[in-house]
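Okay, model06.cif now, which holds mmCIF, C-alpha atoms:
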```cif
data_structure
#
loop_
_atom_site.label_atom_id
_atom_site.label_comp_id
_atom_site.auth_asym_id
_atom_site.auth_seq_id
_atom_site.Cartn_x
_atom_site.Cartn_y
_atom_site.Cartn_z
CA MET A 1 30.64 -6.93 -0.98
CA ASP A 2 29.99 -7.03 -4.73
CA ILE A 3 26.73 -6.14 -6.46
CA PHE A 4 25.66 -9.79 -6.87
CA GLU A 5 25.86 -10.40 -3.14
CA THR A 6 24.08 -7.09 -2.58
CA GLN A 7 21.32 -8.27 -4.91
CA LYS A 8 20.85 -11.40 -2.80
CA TYR A 9 20.55 -9.33 0.39
CA VAL A 10 18.16 -6.84 -1.22
CA TRP A 11 15.88 -9.68 -2.31
CA GLN A 12 15.91 -11.17 1.17
CA TYR A 13 15.30 -7.74 2.69
CA ASP A 14 12.30 -7.11 0.41
CA ASN A 15 10.80 -10.53 1.17
CA LEU A 16 11.17 -10.06 4.91
CA LYS A 17 9.73 -6.53 4.82
CA THR A 18 6.73 -7.84 2.89
CA LYS A 19 6.14 -10.59 5.46
CA TYR A 20 6.63 -8.09 8.29
CA SER A 21 4.11 -5.59 6.93
CA SER A 22 1.61 -8.35 6.09
CA PHE A 23 0.96 -8.92 9.80
CA PHE A 24 -0.09 -5.31 10.21
CA GLN A 25 -2.07 -5.25 6.95
CA LYS A 26 -4.10 -8.26 8.11
CA GLU A 27 -4.91 -6.50 11.37
CA LYS A 28 -5.87 -3.33 9.49
CA ARG A 29 -8.26 -5.32 7.27
CA THR A 30 -9.75 -7.00 10.33
CA SER A 31 -10.28 -3.64 12.02
CA THR A 32 -11.90 -2.17 8.90
CA THR A 33 -14.18 -5.20 8.51
CA ARG A 34 -15.20 -4.90 12.15
CA LYS A 35 -16.06 -1.20 11.69
CA LEU A 36 -18.07 -1.93 8.53
CA THR A 37 -19.96 -4.73 10.27
CA MET A 38 -20.85 -2.46 13.18
CA GLY A 39 -21.98 0.25 10.75
CA THR A 40 -24.13 -2.24 8.86
CA VAL A 41 -25.79 -3.43 12.07
CA VAL A 42 -26.54 0.15 13.12
CA LEU A 43 -27.95 0.92 9.66
CA VAL A 44 -30.20 -2.16 9.74
CA ILE A 45 -31.52 -1.24 13.19
CA CYS A 46 -32.18 2.36 12.10
CA LEU A 47 -33.94 1.16 8.96
CA ALA A 48 -36.13 -1.21 10.96
CA ILE A 49 -37.14 1.61 13.28
CA LEU A 50 -37.79 4.02 10.41
CA PHE A 51 -39.83 1.51 8.41
CA SER A 52 -41.93 0.54 11.40
CA ASN A 53 -42.66 4.20 12.17
CA ALA A 54 -43.12 5.21 8.52
CA TRP A 55 -46.19 3.11 7.92
CA SER A 56 -47.97 4.51 10.97
CA MET A 57 -47.31 8.19 10.09
CA GLU A 58 -48.79 10.46 7.45
CA GLY A 59 -46.33 11.05 4.63
CA GLY A 60 -44.70 7.71 5.31
CA GLY A 61 -43.84 7.35 1.64
CA MET A 62 -41.31 10.16 1.92
CA VAL A 63 -39.56 8.43 4.83
CA VAL A 64 -39.45 5.18 2.83
CA CYS A 65 -37.92 7.04 -0.15
CA LEU A 66 -35.26 8.68 2.00
CA THR A 67 -34.50 5.40 3.71
CA SER A 68 -34.17 3.62 0.36
CA LEU A 69 -31.91 6.39 -0.92
CA THR A 70 -29.68 5.98 2.12
CA THR A 71 -29.63 2.20 1.89
CA PHE A 72 -29.00 1.74 -1.81
CA ILE A 73 -26.95 4.80 -2.75
CA ILE A 74 -25.27 6.56 0.14
CA TYR A 75 -24.30 3.50 2.20
CA PRO A 76 -22.47 1.68 -0.67
CA ILE A 77 -20.56 4.89 -1.47
CA ALA A 78 -19.56 5.23 2.19
CA VAL A 79 -18.46 1.57 2.36
CA HIS A 80 -16.36 2.00 -0.79
CA HIS A 81 -14.74 5.14 0.64
CA ILE A 82 -13.95 3.44 3.96
CA LYS A 83 -12.37 0.44 2.24
CA LYS A 84 -10.35 2.63 -0.12
CA THR A 85 -8.99 4.87 2.62
CA SER A 86 -8.21 1.91 4.88
CA TYR A 87 -5.69 0.60 2.35
CA SER A 88 -3.84 3.90 2.07
CA ARG A 89 -3.69 4.85 5.75
CA ASP A 90 -1.04 3.77 8.23
CA CYS A 91 -1.88 1.27 10.94
CA THR A 92 -3.21 2.71 14.18
CA SER A 93 -1.54 1.98 17.49
CA LYS A 94 -4.43 -0.34 18.41
CA GLU A 95 -3.91 -2.35 15.21
CA ILE A 96 -0.16 -2.56 15.81
CA ALA A 97 -0.73 -3.70 19.41
CA ALA A 98 -3.24 -6.32 18.24
CA ALA A 99 -0.80 -7.63 15.63
CA TYR A 100 1.95 -7.92 18.25
CA LYS A 101 -0.48 -9.64 20.61
CA LYS A 102 -1.36 -12.27 17.99
CA HIS A 103 2.02 -12.67 16.25
CA GLY A 104 4.56 -11.11 18.62
CA ASN A 105 7.21 -13.82 18.38
CA GLU A 106 7.06 -14.01 14.59
CA ILE A 107 7.19 -10.22 14.21
CA THR A 108 10.16 -9.98 16.58
CA ALA A 109 12.03 -12.74 14.72
CA LEU A 110 11.42 -11.00 11.39
CA LYS A 111 12.59 -7.69 12.86
CA VAL A 112 15.85 -9.34 13.98
CA GLN A 113 16.41 -10.82 10.50
CA ILE A 114 15.65 -7.47 8.86
CA ASP A 115 18.16 -5.73 11.13
CA GLU A 116 20.83 -8.35 10.30
CA ILE A 117 20.31 -7.89 6.58
CA SER A 118 20.36 -4.11 6.99
CA GLU A 119 23.75 -4.42 8.69
CA ASN A 120 25.02 -6.60 5.83
CA LEU A 121 23.78 -4.07 3.28
CA LYS A 122 25.68 -1.30 5.08
CA ARG A 123 28.91 -3.16 4.20
CA SER A 124 27.99 -3.15 0.51
CA ASP A 125 30.01 -1.16 -2.00
CA LEU A 126 26.74 -0.03 -3.56
CA PRO A 127 25.49 3.25 -2.04
CA ALA A 128 22.41 2.93 0.18
CA GLN A 129 20.19 4.97 -2.16
CA TYR A 130 20.28 2.03 -4.61
CA HIS A 131 19.34 -0.68 -2.11
CA TYR A 132 16.02 -1.60 -3.67
CA SER A 133 15.13 -4.45 -6.00
CA PHE A 134 14.55 -2.58 -9.24
CA ALA A 135 17.84 -0.67 -9.06
CA VAL A 136 19.95 -3.68 -8.14
CA ASN A 137 18.30 -5.91 -10.74
CA TRP A 138 18.76 -3.23 -13.41
CA MET A 139 22.44 -2.90 -12.53
CA VAL A 140 23.02 -6.66 -12.54
CA LYS A 141 21.42 -6.91 -16.00
CA ALA A 142 23.66 -4.09 -17.21
CA ILE A 143 26.73 -5.96 -15.96
CA TYR A 144 25.60 -9.27 -17.49
CA SER A 145 24.92 -7.59 -20.83
CA LYS A 146 28.44 -6.07 -20.72
CA ARG A 147 27.15 -2.48 -20.74
CA ALA A 148 29.31 -1.77 -17.67
CA ASP A 149 32.39 -3.28 -16.09
CA THR A 150 32.71 -1.40 -12.83
CA LEU A 151 30.35 -0.30 -10.11
CA LYS A 152 30.95 3.34 -11.01
CA GLU A 153 29.99 2.73 -14.64
CA VAL A 154 26.84 0.81 -13.76
CA ILE A 155 25.73 3.53 -11.33
CA ASN A 156 26.25 6.21 -13.98
CA LEU A 157 24.29 4.13 -16.53
CA TYR A 158 21.46 3.71 -14.03
CA GLU A 159 21.39 7.44 -13.28
CA GLU A 160 21.21 8.16 -17.03
CA TYR A 161 18.34 5.70 -17.28
CA LEU A 162 16.50 7.43 -14.41
CA GLN A 163 17.04 10.83 -16.02
CA LYS A 164 15.57 9.56 -19.30
CA GLU A 165 12.59 8.09 -17.44
CA ARG A 166 11.95 11.38 -15.62
CA HIS A 167 12.20 13.23 -18.94
CA ASN A 168 9.75 10.82 -20.62
CA LEU A 169 7.36 11.13 -17.69
CA ALA A 170 7.47 14.93 -17.92
CA ILE A 171 6.70 14.77 -21.65
CA THR A 172 3.80 12.36 -21.03
CA GLU A 173 2.37 14.63 -18.32
CA ALA A 174 2.68 17.66 -20.62
CA ILE A 175 0.83 15.82 -23.40
CA LYS A 176 -1.91 14.79 -20.97
CA SER A 177 -2.34 18.38 -19.79
CA ILE A 178 -2.56 19.58 -23.39
CA ASP A 179 -5.21 16.92 -24.11
CA ILE A 180 -7.21 18.07 -21.10
CA ILE A 181 -7.06 21.72 -22.15
CA TYR A 182 -8.08 21.14 -25.77
CA TYR A 183 -10.56 18.28 -25.42
#
```

Could I get this file's structure written as structure tokens?
Amino acid sequence: MDIFETQKYVWQYDNLKTKYSSFFQKEKRTSTTRKLTMGTVVLVICLAILFSNAWSMEGGGMVVCLTSLTTFIIYPIAVHHIKKTSYSRDCTSKEIAAAYKKHGNEITALKVQIDEISENLKRSDLPAQYHYSFAVNWMVKAIYSKRADTLKEVINLYEEYLQKERHNLAITEAIKSIDIIYY
């Protein structure tokens, strides 16, 4: 299989993997929203209890201040943290089970298609470490622009490109660390 056919399969593979993971991402968002809603309800109930008791006690102003601090400062920070960490974490087994319960047939069909494309990619002349969109697209552009004629040449050009990028990144990081130290 040549690199152009490999490119077609890599694109299909990427699209299917995106669709596949979207089912689980939706369930993760739903789970996070459910947790935030429950937390908000508990906070509202606690605030109602505190406010009702605060006015009948001496020093009630202090309770109102602490309650306001919790409501307007701490709670929004906690919500932001929960949302941020929910995007970076993996799906829990409950979320995966819920996604399969809702979309089991679609997920299974996508999994079959992904496995078929993976088998086709194994027959490619391009080594597996380059089976991702950026690498294949870069190599195809290099072939179209006549920078390489063979697969071996295009792989070597791509490796040189990666080495230059790593070198540039190291220089950028060094400059940033110098800026931090001196400024």

Selection in question (the file shown): the PyMOL selection byres ((chain A and resi 124-131) around 8). Which residues does it include, as an mmCIF file with C-alpha atoms, in the coordinates of the input?
```
data_model
loop_
_atom_site.group_PDB
_atom_site.id
_atom_site.type_symbol
_atom_site.label_atom_id
_atom_site.label_comp_id
_atom_site.auth_asym_id
_atom_site.auth_seq_id
_atom_site.Cartn_x
_atom_site.Cartn_y
_atom_site.Cartn_z
ATOM 1 C CA MET A 1 30.640 -6.930 -0.980
ATOM 2 C CA ASP A 2 29.990 -7.030 -4.730
ATOM 3 C CA ILE A 3 26.730 -6.140 -6.460
ATOM 4 C CA THR A 6 24.080 -7.090 -2.580
ATOM 5 C CA VAL A 10 18.160 -6.840 -1.220
ATOM 6 C CA ASN A 120 25.020 -6.600 5.830
ATOM 7 C CA LEU A 121 23.780 -4.070 3.280
ATOM 8 C CA LYS A 122 25.680 -1.300 5.080
ATOM 9 C CA ARG A 123 28.910 -3.160 4.200
ATOM 10 C CA TYR A 132 16.020 -1.600 -3.670
ATOM 11 C CA SER A 133 15.130 -4.450 -6.000
ATOM 12 C CA ALA A 135 17.840 -0.670 -9.060
ATOM 13 C CA VAL A 136 19.950 -3.680 -8.140
ATOM 14 C CA LEU A 151 30.350 -0.300 -10.110
#
```

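Interatomic distance, atom CA of A:Thr172 to atom CA of A:Ser88: 25.8 Å.
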
Any idea what the distance is between atom CA of A:Thr150 and atom CA of A:Trp11?
21.5 Å

I'd like to see the residues matched by the PyMOL selection byres ((chain A and resi 22) around 12) on this file, and ideally I'd get them as number ranges by chain.
A: 15-21, 23-29, 91, 96, 99, 103, 106-107, 110

Rounded to one decimal in Å, what is the spacing between atom CA of A:Thr30 and atom CA of A:Ala98?
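Taking atom CA of A:Thr30 as the start and atom CA of A:Ala98 as the end point, the length is 10.3 Å.
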
Run the PyMOL selection byres ((chain A and resi 82) around 12) against the file shown and list the residues it catches, as a ChimeraX atom specification.
/A:28-29,31-37,39,75-81,83-89

List as a list in words the protein and nucleic acid residues near A:Ile117, meaning an atom at most 8 Å away when only C-alpha atoms are counted, but skip any in the same chain fewer than 6 places from it.
Tyr9, Gln12 and Tyr13 of chain A

Restricting the output to C-alpha atoms, write the selected residues as a compact mmCIF listing (two decimals), keeping the file's coordinate frame.
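And here's result.txt as it stands now:
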```txt
# COMPACT_ATOMS: atom_id res chain seq x y z
CA TYR A 9 20.55 -9.33 0.39
CA GLN A 12 15.91 -11.17 1.17
CA TYR A 13 15.30 -7.74 2.69
```
